[in-house]
>>> print(open('coords_6.cif').read())   # mmCIF, C-alpha atoms
data_model
loop_
_atom_site.group_PDB
_atom_site.id
_atom_site.type_symbol
_atom_site.label_atom_id
_atom_site.label_comp_id
_atom_site.auth_asym_id
_atom_site.auth_seq_id
_atom_site.Cartn_x
_atom_site.Cartn_y
_atom_site.Cartn_z
ATOM 1 C CA MET R 104 186.241 26.646 68.634
ATOM 2 C CA LEU R 105 188.529 27.722 65.790
ATOM 3 C CA ALA R 106 192.244 27.077 66.047
ATOM 4 C CA GLY R 107 195.238 28.266 64.140
ATOM 5 C CA GLY R 108 198.952 28.858 64.296
ATOM 6 C CA CYS R 109 202.154 29.705 62.561
ATOM 7 C CA LEU R 110 204.001 27.686 59.921
ATOM 8 C CA CYS R 111 206.512 26.048 62.281
ATOM 9 C CA GLY R 112 203.800 25.198 64.799
ATOM 10 C CA GLY R 113 205.425 27.037 67.686
ATOM 11 C CA VAL R 114 202.703 29.643 68.051
ATOM 12 C CA ARG R 115 199.151 28.403 68.471
ATOM 13 C CA TYR R 116 195.878 30.223 69.217
ATOM 14 C CA GLU R 117 192.159 29.617 69.463
ATOM 15 C CA VAL R 118 189.128 31.831 69.029
ATOM 16 C CA GLU R 119 185.483 31.138 69.760
ATOM 17 C CA ALA R 120 183.849 33.153 67.004
ATOM 18 C CA ILE R 121 184.676 35.475 64.125
ATOM 19 C CA ASP R 122 182.758 38.710 63.657
ATOM 20 C CA PHE R 123 183.779 39.418 60.073
ATOM 21 C CA MET R 124 186.610 39.061 57.562
ATOM 22 C CA HIS R 125 188.086 41.487 55.070
ATOM 23 C CA HIS R 126 190.822 41.911 52.479
ATOM 24 C CA CYS R 127 193.197 44.830 53.041
ATOM 25 C CA HIS R 128 195.231 46.257 50.146
ATOM 26 C CA CYS R 129 197.162 48.873 52.141
ATOM 27 C CA SER R 130 200.895 49.237 51.636
ATOM 28 C CA ILE R 131 201.648 47.837 55.111
ATOM 29 C CA CYS R 132 199.659 44.658 54.461
ATOM 30 C CA ARG R 133 201.343 44.255 51.083
ATOM 31 C CA LYS R 134 204.827 44.711 52.511
ATOM 32 C CA THR R 135 204.377 42.448 55.521
ATOM 33 C CA SER R 136 202.580 39.608 53.730
ATOM 34 C CA GLY R 137 204.681 39.947 50.595
ATOM 35 C CA GLY R 138 201.503 39.545 48.594
ATOM 36 C CA ALA R 139 198.751 41.524 46.898
ATOM 37 C CA TYR R 140 196.680 41.982 50.061
ATOM 38 C CA GLY R 141 196.209 40.757 53.595
ATOM 39 C CA THR R 142 193.082 38.899 54.652
ATOM 40 C CA PHE R 143 192.022 39.239 58.277
ATOM 41 C CA ALA R 144 189.407 37.759 60.565
ATOM 42 C CA HIS R 145 188.198 40.085 63.278
ATOM 43 C CA ALA R 146 186.979 38.919 66.663
ATOM 44 C CA ARG R 147 186.555 40.188 70.188
ATOM 45 C CA ALA R 148 189.735 39.880 72.244
ATOM 46 C CA SER R 149 187.676 38.335 75.041
ATOM 47 C CA VAL R 150 187.026 35.215 72.942
ATOM 48 C CA PHE R 151 190.643 34.846 71.783
ATOM 49 C CA ARG R 152 193.369 32.885 73.614
ATOM 50 C CA TRP R 153 196.975 32.029 72.925
ATOM 51 C CA ARG R 154 197.611 28.308 73.367
ATOM 52 C CA SER R 155 201.401 28.328 73.038
ATOM 53 C CA GLY R 156 204.406 30.154 71.753
ATOM 54 C CA THR R 157 203.877 33.721 72.931
ATOM 55 C CA ASP R 158 207.615 33.795 73.701
ATOM 56 C CA LEU R 159 208.229 33.310 69.953
ATOM 57 C CA LEU R 160 206.219 36.366 68.916
ATOM 58 C CA GLY R 161 207.931 39.396 67.477
ATOM 59 C CA SER R 162 206.182 42.636 66.686
ATOM 60 C CA TYR R 163 206.805 45.857 64.838
ATOM 61 C CA ALA R 164 205.062 49.221 65.274
ATOM 62 C CA SER R 165 203.629 49.778 61.814
ATOM 63 C CA SER R 166 201.952 53.031 62.842
ATOM 64 C CA ALA R 167 201.323 55.103 65.960
ATOM 65 C CA ARG R 168 198.278 52.965 66.775
ATOM 66 C CA ARG R 169 199.064 49.564 65.374
ATOM 67 C CA ARG R 170 201.615 46.759 65.518
ATOM 68 C CA ARG R 171 202.303 43.820 63.228
ATOM 69 C CA ALA R 172 203.104 40.486 64.832
ATOM 70 C CA PHE R 173 204.972 37.488 63.495
ATOM 71 C CA CYS R 174 206.600 34.261 64.610
ATOM 72 C CA ARG R 175 210.307 34.943 64.959
ATOM 73 C CA VAL R 176 211.103 31.359 63.904
ATOM 74 C CA CYS R 177 209.110 30.980 60.676
ATOM 75 C CA GLY R 178 208.028 34.534 59.891
ATOM 76 C CA ALA R 179 204.315 33.686 59.865
ATOM 77 C CA LYS R 180 202.105 36.716 60.334
ATOM 78 C CA MET R 181 200.334 36.410 63.684
ATOM 79 C CA PRO R 182 197.247 37.865 65.400
ATOM 80 C CA VAL R 183 197.440 41.278 67.058
ATOM 81 C CA VAL R 184 195.328 41.778 70.168
ATOM 82 C CA HIS R 185 193.957 45.233 71.025
ATOM 83 C CA LEU R 186 192.756 44.729 74.589
ATOM 84 C CA ALA R 187 191.463 48.261 75.120
ATOM 85 C CA GLU R 188 189.214 47.854 72.082
ATOM 86 C CA ASP R 189 188.306 44.219 72.826
ATOM 87 C CA HIS R 190 189.498 43.428 69.326
ATOM 88 C CA VAL R 191 191.855 40.956 67.687
ATOM 89 C CA ALA R 192 192.898 40.903 64.025
ATOM 90 C CA ILE R 193 193.824 37.396 62.913
ATOM 91 C CA PRO R 194 195.678 36.783 59.624
ATOM 92 C CA ALA R 195 193.208 34.429 57.987
ATOM 93 C CA GLY R 196 195.824 32.272 56.309
ATOM 94 C CA THR R 197 196.855 30.936 59.707
ATOM 95 C CA PHE R 198 193.587 29.115 60.497
ATOM 96 C CA ASP R 199 193.752 25.321 60.591
ATOM 97 C CA ASP R 200 190.275 24.932 59.116
ATOM 98 C CA ASP R 201 187.400 26.875 57.628
ATOM 99 C CA PRO R 202 186.811 29.920 59.858
ATOM 100 C CA GLY R 203 183.187 29.928 58.759
ATOM 101 C CA ALA R 204 183.114 33.628 57.980
ATOM 102 C CA ARG R 205 183.932 35.008 54.537
ATOM 103 C CA PRO R 206 185.492 38.324 53.505
ATOM 104 C CA ILE R 207 182.852 41.033 53.139
ATOM 105 C CA VAL R 208 184.821 44.066 51.982
ATOM 106 C CA HIS R 209 188.080 45.261 50.384
ATOM 107 C CA THR R 210 189.811 48.114 52.223
ATOM 108 C CA TYR R 211 192.454 50.642 51.170
ATOM 109 C CA VAL R 212 191.745 49.882 47.534
ATOM 110 C CA ALA R 213 193.250 53.261 46.632
ATOM 111 C CA SER R 214 196.607 51.751 47.697
ATOM 112 C CA LYS R 215 196.301 48.405 45.939
ATOM 113 C CA ALA R 216 199.143 46.883 43.948
ATOM 114 C CA ALA R 217 199.275 47.875 40.274
ATOM 115 C CA TRP R 218 199.890 44.222 39.409
ATOM 116 C CA HIS R 219 196.702 42.955 41.055
ATOM 117 C CA GLU R 220 193.116 43.262 39.806
ATOM 118 C CA ILE R 221 190.199 42.763 42.179
ATOM 119 C CA GLY R 222 187.812 40.384 40.493
ATOM 120 C CA ASP R 223 184.943 39.892 42.920
ATOM 121 C CA ASP R 224 181.839 41.951 43.639
ATOM 122 C CA LEU R 225 182.554 42.813 47.281
ATOM 123 C CA PRO R 226 182.343 46.486 48.310
ATOM 124 C CA ARG R 227 185.578 48.427 47.869
ATOM 125 C CA LEU R 228 186.643 51.120 50.326
ATOM 126 C CA ASP R 229 189.471 53.558 49.713
ATOM 127 C CA ALA R 230 190.208 53.616 53.459
ATOM 128 C CA GLY R 231 189.969 51.132 56.312
ATOM 129 C CA PRO R 232 187.157 49.489 58.220
ATOM 130 C CA PRO R 233 186.036 51.397 61.318
ATOM 131 C CA ASP R 234 187.622 49.094 63.916
ATOM 132 C CA ALA R 235 190.613 47.449 62.244
ATOM 133 C CA MET I 257 209.832 46.610 32.830
ATOM 134 C CA PRO I 258 211.675 49.687 34.128
ATOM 135 C CA GLU I 259 215.486 49.559 33.970
ATOM 136 C CA LEU I 260 215.700 49.391 37.737
ATOM 137 C CA VAL I 261 213.042 48.286 40.206
ATOM 138 C CA THR I 262 213.563 48.516 43.941
ATOM 139 C CA GLY I 263 212.013 46.925 46.962
ATOM 140 C CA GLY I 264 212.431 46.105 50.604
ATOM 141 C CA CYS I 265 210.753 45.206 53.847
ATOM 142 C CA LEU I 266 208.346 47.355 55.844
ATOM 143 C CA CYS I 267 210.948 48.728 58.263
ATOM 144 C CA GLY I 268 213.380 49.472 55.437
ATOM 145 C CA GLY I 269 216.219 47.440 56.908
ATOM 146 C CA VAL I 270 216.222 45.088 53.932
ATOM 147 C CA ARG I 271 216.589 46.729 50.517
ATOM 148 C CA PHE I 272 217.143 45.169 47.100
ATOM 149 C CA GLU I 273 217.119 46.041 43.427
ATOM 150 C CA VAL I 274 216.350 44.206 40.211
ATOM 151 C CA THR I 275 217.924 45.174 36.907
ATOM 152 C CA GLY I 276 216.686 42.513 34.515
ATOM 153 C CA PRO I 277 213.491 40.867 33.268
ATOM 154 C CA PHE I 278 211.323 38.513 35.273
ATOM 155 C CA ILE I 279 211.430 34.846 34.294
ATOM 156 C CA ARG I 280 207.910 34.223 35.570
ATOM 157 C CA ALA I 281 205.542 35.270 38.351
ATOM 158 C CA GLY I 282 202.737 33.468 40.114
ATOM 159 C CA HIS I 283 200.443 33.149 43.104
ATOM 160 C CA CYS I 284 200.906 30.060 45.295
ATOM 161 C CA HIS I 285 197.966 28.994 47.438
ATOM 162 C CA CYS I 286 199.691 26.127 49.284
ATOM 163 C CA SER I 287 199.265 25.692 53.019
ATOM 164 C CA ARG I 288 202.862 26.671 53.772
ATOM 165 C CA CYS I 289 202.499 29.920 51.833
ATOM 166 C CA ARG I 290 199.184 30.648 53.549
ATOM 167 C CA ARG I 291 200.547 30.040 57.048
ATOM 168 C CA HIS I 292 203.635 32.115 56.377
ATOM 169 C CA SER I 293 201.965 35.094 54.690
ATOM 170 C CA GLY I 294 198.850 34.931 56.849
ATOM 171 C CA ALA I 295 197.040 35.690 53.611
ATOM 172 C CA ALA I 296 195.723 33.856 50.538
ATOM 173 C CA GLY I 297 199.200 32.488 49.856
ATOM 174 C CA CYS I 298 202.343 34.034 48.425
ATOM 175 C CA TRP I 299 202.827 36.075 45.247
ATOM 176 C CA GLN I 300 206.315 36.041 43.750
ATOM 177 C CA GLY I 301 208.369 36.703 40.687
ATOM 178 C CA ARG I 302 211.684 35.168 39.627
ATOM 179 C CA VAL I 303 214.727 36.860 38.173
ATOM 180 C CA ARG I 304 218.167 35.619 37.255
ATOM 181 C CA ARG I 305 220.643 36.068 40.072
ATOM 182 C CA GLU I 306 222.850 38.388 38.027
ATOM 183 C CA HIS I 307 219.857 40.720 37.724
ATOM 184 C CA PHE I 308 219.388 40.932 41.495
ATOM 185 C CA ARG I 309 221.315 42.805 44.155
ATOM 186 C CA LEU I 310 220.713 42.803 47.892
ATOM 187 C CA VAL I 311 221.588 46.392 48.778
ATOM 188 C CA THR I 312 221.350 46.103 52.546
ATOM 189 C CA GLY I 313 219.956 43.982 55.361
ATOM 190 C CA GLU I 314 221.522 40.569 54.861
ATOM 191 C CA ALA I 315 222.083 40.260 58.623
ATOM 192 C CA LEU I 316 218.376 40.930 59.278
ATOM 193 C CA LEU I 317 217.136 38.057 57.122
ATOM 194 C CA ARG I 318 216.048 34.702 58.504
ATOM 195 C CA VAL I 319 215.509 31.659 56.294
ATOM 196 C CA TYR I 320 212.844 29.173 57.343
ATOM 197 C CA GLY I 321 211.917 25.821 55.866
ATOM 198 C CA ARG I 322 215.056 24.464 54.249
ATOM 199 C CA GLY I 323 214.335 20.947 53.055
ATOM 200 C CA GLU I 324 210.549 21.435 53.293
ATOM 201 C CA GLY I 325 209.981 23.058 49.905
ATOM 202 C CA ALA I 326 210.496 26.664 48.908
ATOM 203 C CA VAL I 327 212.041 28.573 51.796
ATOM 204 C CA LYS I 328 210.409 31.540 53.503
ATOM 205 C CA VAL I 329 212.781 34.458 54.015
ATOM 206 C CA PHE I 330 211.693 37.329 56.237
ATOM 207 C CA CYS I 331 213.012 40.399 58.028
ATOM 208 C CA THR I 332 213.544 39.638 61.698
ATOM 209 C CA VAL I 333 212.815 43.260 62.671
ATOM 210 C CA CYS I 334 209.421 43.813 61.009
ATOM 211 C CA GLY I 335 208.449 40.283 59.939
ATOM 212 C CA SER I 336 208.012 41.175 56.271
ATOM 213 C CA SER I 337 208.201 38.325 53.768
ATOM 214 C CA VAL I 338 210.752 39.191 51.122
ATOM 215 C CA PHE I 339 212.255 36.177 49.362
ATOM 216 C CA GLY I 340 211.560 32.494 48.736
ATOM 217 C CA GLY I 341 212.625 29.751 46.373
ATOM 218 C CA THR I 342 216.122 28.488 47.081
ATOM 219 C CA TRP I 343 217.451 31.618 48.825
ATOM 220 C CA PRO I 344 220.340 32.317 49.149
ATOM 221 C CA ASP I 345 221.475 29.718 46.598
ATOM 222 C CA GLY I 346 220.714 28.846 43.009
ATOM 223 C CA PRO I 347 220.700 30.625 39.653
ATOM 224 C CA GLN I 348 217.361 32.397 40.263
ATOM 225 C CA VAL I 349 215.965 34.636 43.003
ATOM 226 C CA SER I 350 212.313 34.410 44.005
ATOM 227 C CA ILE I 351 211.052 37.773 45.254
ATOM 228 C CA ARG I 352 207.700 38.485 46.925
ATOM 229 C CA LEU I 353 205.776 40.834 44.676
ATOM 230 C CA GLY I 354 204.447 42.690 47.708
ATOM 231 C CA ALA I 355 208.000 43.675 48.628
ATOM 232 C CA PHE I 356 208.422 45.945 45.599
ATOM 233 C CA ASP I 357 208.133 49.686 46.190
ATOM 234 C CA ALA I 358 206.312 50.416 42.959
ATOM 235 C CA ASP I 359 205.031 48.512 39.941
ATOM 236 C CA PRO I 360 207.732 45.985 39.007
ATOM 237 C CA GLY I 361 206.155 45.608 35.582
ATOM 238 C CA VAL I 362 205.491 41.907 35.809
ATOM 239 C CA ARG I 363 202.010 40.428 36.384
ATOM 240 C CA PRO I 364 201.108 37.087 37.999
ATOM 241 C CA GLN I 365 200.806 34.503 35.224
ATOM 242 C CA PHE I 366 199.375 31.448 36.986
ATOM 243 C CA HIS I 367 198.079 29.965 40.241
ATOM 244 C CA THR I 368 199.769 27.016 41.936
ATOM 245 C CA TRP I 369 198.574 24.574 44.594
ATOM 246 C CA VAL I 370 194.967 25.510 43.912
ATOM 247 C CA GLU I 371 193.844 22.201 45.419
ATOM 248 C CA SER I 372 195.125 23.483 48.770
ATOM 249 C CA LYS I 373 193.657 26.963 48.717
ATOM 250 C CA ALA I 374 191.721 28.385 51.645
ATOM 251 C CA VAL I 375 187.935 27.987 51.435
ATOM 252 C CA TRP I 376 187.537 31.761 51.733
ATOM 253 C CA ASP I 377 190.007 32.367 48.880
ATOM 254 C CA GLU I 378 188.089 32.799 45.623
ATOM 255 C CA ILE I 379 190.105 32.919 42.434
ATOM 256 C CA THR I 380 188.352 35.337 40.106
ATOM 257 C CA ASP I 381 190.796 35.699 37.229
ATOM 258 C CA LEU I 382 191.286 33.513 34.170
ATOM 259 C CA LEU I 383 194.946 32.633 34.704
ATOM 260 C CA PRO I 384 195.999 28.968 34.448
ATOM 261 C CA ARG I 385 195.415 27.019 37.650
ATOM 262 C CA TYR I 386 197.818 24.262 38.591
ATOM 263 C CA PRO I 387 196.435 21.797 41.156
ATOM 264 C CA ARG I 388 199.958 21.545 42.617
ATOM 265 C CA ASP I 389 203.342 22.773 41.421
ATOM 266 C CA TRP I 390 204.008 24.878 38.352
ATOM 267 C CA SER I 391 205.503 22.934 35.478
ATOM 268 C CA LYS I 392 206.970 24.120 32.202
ATOM 269 C CA ASP I 393 206.140 20.756 30.651
ATOM 270 C CA VAL I 394 202.639 20.006 31.853
ATOM 271 C CA PRO I 395 199.901 22.541 31.170
ATOM 272 C CA PRO I 396 197.218 22.906 33.826
ATOM 273 C CA PRO I 397 193.930 21.046 33.230
#
>>> encode(input="coords_6.cif", output="structure tokens")
Amino acid sequence: MLAGGCLCGGVRYEVEAIDFMHHCHCSICRKTSGGAYGTFAHARASVFRWRSGTDLLGSYASSARRRRAFCRVCGAKMPVVHLAEDHVAIPAGTFDDDPGARPIVHTYVASKAAWHEIGDDLPRLDAGPPDA
Amino acid sequence: MPELVTGGCLCGGVRFEVTGPFIRAGHCHCSRCRRHSGAAGCWQGRVRREHFRLVTGEALLRVYGRGEGAVKVFCTVCGSSVFGGTWPDGPQVSIRLGAFDADPGVRPQFHTWVESKAVWDEITDLLPRYPRDWSKDVPPP
């Protein structure tokens, strides 16, 4: 079981297994994280559970289909569950320990920050992954 | 850098502008930056306070972590990380590089807290790597 949570410790979650991880360079990930890219772990919603702090979660509709979640106390970016798709996107920086999986692809590279250079050999997509 | 660079949060409620040169910029991999950003840490650049102006959104900002290190300042509407450092005090303003609308001109110059980085976070550039804090006096190993 993998566990994680926000910076202040109010929001906690656990997930049984990760399907894959990826780095996203889209403008929404850059704005919300404040960094060069977001890194997400993807899992099935059916193996994800909140342990505490759901009353602390805030969210913002970043597009017609997607929300961004955060802890309203510490601003940590938090998982977003898509029940209908049996999918959860977990900001990878919030894991307590090694999630086991590793990023396999860069997405929305066409939108990446001018001040950041991608230095690894992972595949680079100009758009997003099929289910994220 | 351009004469004026602008930035803000995702929802647009917080807007700011920078009119002077960056003092330095870096990528911090510490556990607090990772938890807060949800990513491989925080990227930020510093400017002198007189070169910074918060245009709108002061009431939307929340400051977390006073007394625990650099603060984490975010928009309470959309959750975007915008400022850090000693906000709202001090002679310098630390601004998240991801909050800028376009290229602010500056480039990250070093990595800090590399000893704390996530196992999935691979540093691939040749910038100096500080095991912990940045220091103007002590070069990285």
>>> interface_residues(input="coords_6.cif", of="chain R", to="chain I", cutoff="6 Å", atoms="all atoms listed in the file", output="ChimeraX atom specification")
/R:109-110,133-139,141-142,163,173,177-180,194-197,205,217-218,222
>>> write_last_selection(input="coords_6.cif", atoms="C-alpha atoms", output="PDB file, keeping the file's coordinate frame")
ATOM      1  CA  CYS R 109     202.154  29.705  62.561  1.00  0.00           C
ATOM      2  CA  LEU R 110     204.001  27.686  59.921  1.00  0.00           C
ATOM      3  CA  ARG R 133     201.343  44.255  51.083  1.00  0.00           C
ATOM      4  CA  LYS R 134     204.827  44.711  52.511  1.00  0.00           C
ATOM      5  CA  THR R 135     204.377  42.448  55.521  1.00  0.00           C
ATOM      6  CA  SER R 136     202.580  39.608  53.730  1.00  0.00           C
ATOM      7  CA  GLY R 137     204.681  39.947  50.595  1.00  0.00           C
ATOM      8  CA  GLY R 138     201.503  39.545  48.594  1.00  0.00           C
ATOM      9  CA  ALA R 139     198.751  41.524  46.898  1.00  0.00           C
ATOM     10  CA  GLY R 141     196.209  40.757  53.595  1.00  0.00           C
ATOM     11  CA  THR R 142     193.082  38.899  54.652  1.00  0.00           C
ATOM     12  CA  TYR R 163     206.805  45.857  64.838  1.00  0.00           C
ATOM     13  CA  PHE R 173     204.972  37.488  63.495  1.00  0.00           C
ATOM     14  CA  CYS R 177     209.110  30.980  60.676  1.00  0.00           C
ATOM     15  CA  GLY R 178     208.028  34.534  59.891  1.00  0.00           C
ATOM     16  CA  ALA R 179     204.315  33.686  59.865  1.00  0.00           C
ATOM     17  CA  LYS R 180     202.105  36.716  60.334  1.00  0.00           C
ATOM     18  CA  PRO R 194     195.678  36.783  59.624  1.00  0.00           C
ATOM     19  CA  ALA R 195     193.208  34.429  57.987  1.00  0.00           C
ATOM     20  CA  GLY R 196     195.824  32.272  56.309  1.00  0.00           C
ATOM     21  CA  THR R 197     196.855  30.936  59.707  1.00  0.00           C
ATOM     22  CA  ARG R 205     183.932  35.008  54.537  1.00  0.00           C
ATOM     23  CA  ALA R 217     199.275  47.875  40.274  1.00  0.00           C
ATOM     24  CA  TRP R 218     199.890  44.222  39.409  1.00  0.00           C
ATOM     25  CA  GLY R 222     187.812  40.384  40.493  1.00  0.00           C
TER      26      GLY R 222
END
>>> resolve_selection(input="coords_6.cif", expression="the PyMOL selection byres ((chain R and resi 145) around 12)", output="PyMOL selection string")
chain R and resi 118-126+142-144+146-151+182-185+188-195+202+204-207+232-235
>>> atom_distance(input="coords_6.cif", atom1="CA of Pro277 in chain I", atom2="CA of Phe366 in chain I")
17.4 Å
>>> closest_residue(input="coords_6.cif", among="I:Ser372, I:Arg385, I:Cys284, I:Gly323", to="Asp200 in chain R", atoms="all atoms listed in the file")
I:Ser372
>>> resolve_selection(input="coords_6.cif", expression="the PyMOL selection byres ((chain R and resi 153) around 8)", output="list in words")
Val114, Arg115, Tyr116, Glu117, Phe151, Arg152, Arg154, Ser155, Gly156 and Thr157 of chain R
>>> write_last_selection(input="coords_6.cif", atoms="C-alpha atoms", output="compact mmCIF listing (two decimals), in the frame of the given file")
# COMPACT_ATOMS: atom_id res chain seq x y z
CA VAL R 114 202.70 29.64 68.05
CA ARG R 115 199.15 28.40 68.47
CA TYR R 116 195.88 30.22 69.22
CA GLU R 117 192.16 29.62 69.46
CA PHE R 151 190.64 34.85 71.78
CA ARG R 152 193.37 32.88 73.61
CA ARG R 154 197.61 28.31 73.37
CA SER R 155 201.40 28.33 73.04
CA GLY R 156 204.41 30.15 71.75
CA THR R 157 203.88 33.72 72.93
>>> resolve_selection(input="coords_6.cif", expression="the PyMOL selection byres ((chain R and resi 214) around 7)", output="ChimeraX atom specification")
/R:128-130,211-213,215-216
>>> residues_near_point(input="coords_6.cif", point="(209.4, 25.9, 45.5)", cutoff="8 Å", atoms="all atoms listed in the file", output="number ranges by chain")
I: 325-327, 340-342, 389
>>> atom_distance(input="coords_6.cif", atom1="CA of Thr262 in chain I", atom2="CA of Met181 in chain R")
26.7 Å
>>> atom_distance(input="coords_6.cif", atom1="CA of Gly301 in chain I", atom2="CA of Asp345 in chain I")
16.0 Å
>>> residues_around(input="coords_6.cif", residues="range 394-396 of chain I", least_positions_apart="5", cutoff="9 Å", atoms="all atoms listed in the file", output="PyMOL selection string")
chain I and resi 384-387
>>> write_last_selection(input="coords_6.cif", atoms="C-alpha atoms", output="PDB file, in the frame of the given file")
ATOM      1  CA  PRO I 384     195.999  28.968  34.448  1.00  0.00           C
ATOM      2  CA  ARG I 385     195.415  27.019  37.650  1.00  0.00           C
ATOM      3  CA  TYR I 386     197.818  24.262  38.591  1.00  0.00           C
ATOM      4  CA  PRO I 387     196.435  21.797  41.156  1.00  0.00           C
TER       5      PRO I 387
END
>>> axis_aligned_box(input="coords_6.cif", around="range 286-299 of chain I", padding_each_side="5 Å", output="JSON")
{"center_x": 199.7, "center_y": 30.9, "center_z": 51.1, "size_x": 17.9, "size_y": 20.4, "size_z": 21.8}
>>> decode(input="coords_6.cif", residues="range 195-213 of chain R", atoms="N, CA and C atoms", output="compact mmCIF listing (two decimals), in the first residue's frame")
# COMPACT_ATOMS: atom_id res chain seq x y z
N ALA R 195 2.61 13.40 -7.91
CA ALA R 195 3.59 12.44 -7.40
C ALA R 195 4.45 12.99 -6.27
N GLY R 196 4.53 14.30 -6.16
CA GLY R 196 5.32 14.88 -5.08
C GLY R 196 4.71 14.68 -3.71
N THR R 197 3.48 14.20 -3.66
CA THR R 197 2.79 14.05 -2.38
C THR R 197 2.91 12.65 -1.78
N PHE R 198 3.62 11.74 -2.46
CA PHE R 198 3.82 10.40 -1.88
C PHE R 198 4.79 10.46 -0.70
N ASP R 199 4.53 9.63 0.30
CA ASP R 199 5.45 9.54 1.44
C ASP R 199 6.76 8.86 1.04
N ASP R 200 6.64 7.83 0.21
CA ASP R 200 7.79 7.00 -0.13
C ASP R 200 7.83 6.76 -1.65
N ASP R 201 8.76 5.93 -2.04
CA ASP R 201 8.91 5.59 -3.45
C ASP R 201 7.63 4.93 -3.98
N PRO R 202 7.00 5.54 -4.99
CA PRO R 202 5.77 4.93 -5.52
C PRO R 202 6.05 3.69 -6.37
N GLY R 203 7.31 3.40 -6.59
CA GLY R 203 7.65 2.21 -7.36
C GLY R 203 7.70 2.49 -8.85
N ALA R 204 6.65 3.07 -9.38
CA ALA R 204 6.62 3.40 -10.80
C ALA R 204 7.56 4.56 -11.08
N ARG R 205 7.87 4.75 -12.36
CA ARG R 205 8.68 5.88 -12.81
C ARG R 205 7.99 6.54 -13.99
N PRO R 206 8.22 7.84 -14.19
CA PRO R 206 7.62 8.51 -15.34
C PRO R 206 8.04 7.82 -16.65
N ILE R 207 7.08 7.70 -17.57
CA ILE R 207 7.37 7.03 -18.84
C ILE R 207 7.21 7.95 -20.04
N VAL R 208 6.67 9.14 -19.85
CA VAL R 208 6.43 10.00 -21.01
C VAL R 208 6.30 11.46 -20.55
N HIS R 209 6.66 12.38 -21.44
CA HIS R 209 6.37 13.81 -21.25
C HIS R 209 5.17 14.17 -22.12
N THR R 210 4.20 14.88 -21.56
CA THR R 210 3.04 15.30 -22.35
C THR R 210 2.99 16.82 -22.47
N TYR R 211 2.25 17.25 -23.49
CA TYR R 211 2.07 18.69 -23.79
C TYR R 211 3.41 19.41 -23.88
N VAL R 212 4.36 18.76 -24.51
CA VAL R 212 5.69 19.36 -24.66
C VAL R 212 5.64 20.63 -25.52
N ALA R 213 4.64 20.70 -26.40
CA ALA R 213 4.50 21.91 -27.23
C ALA R 213 4.22 23.14 -26.37
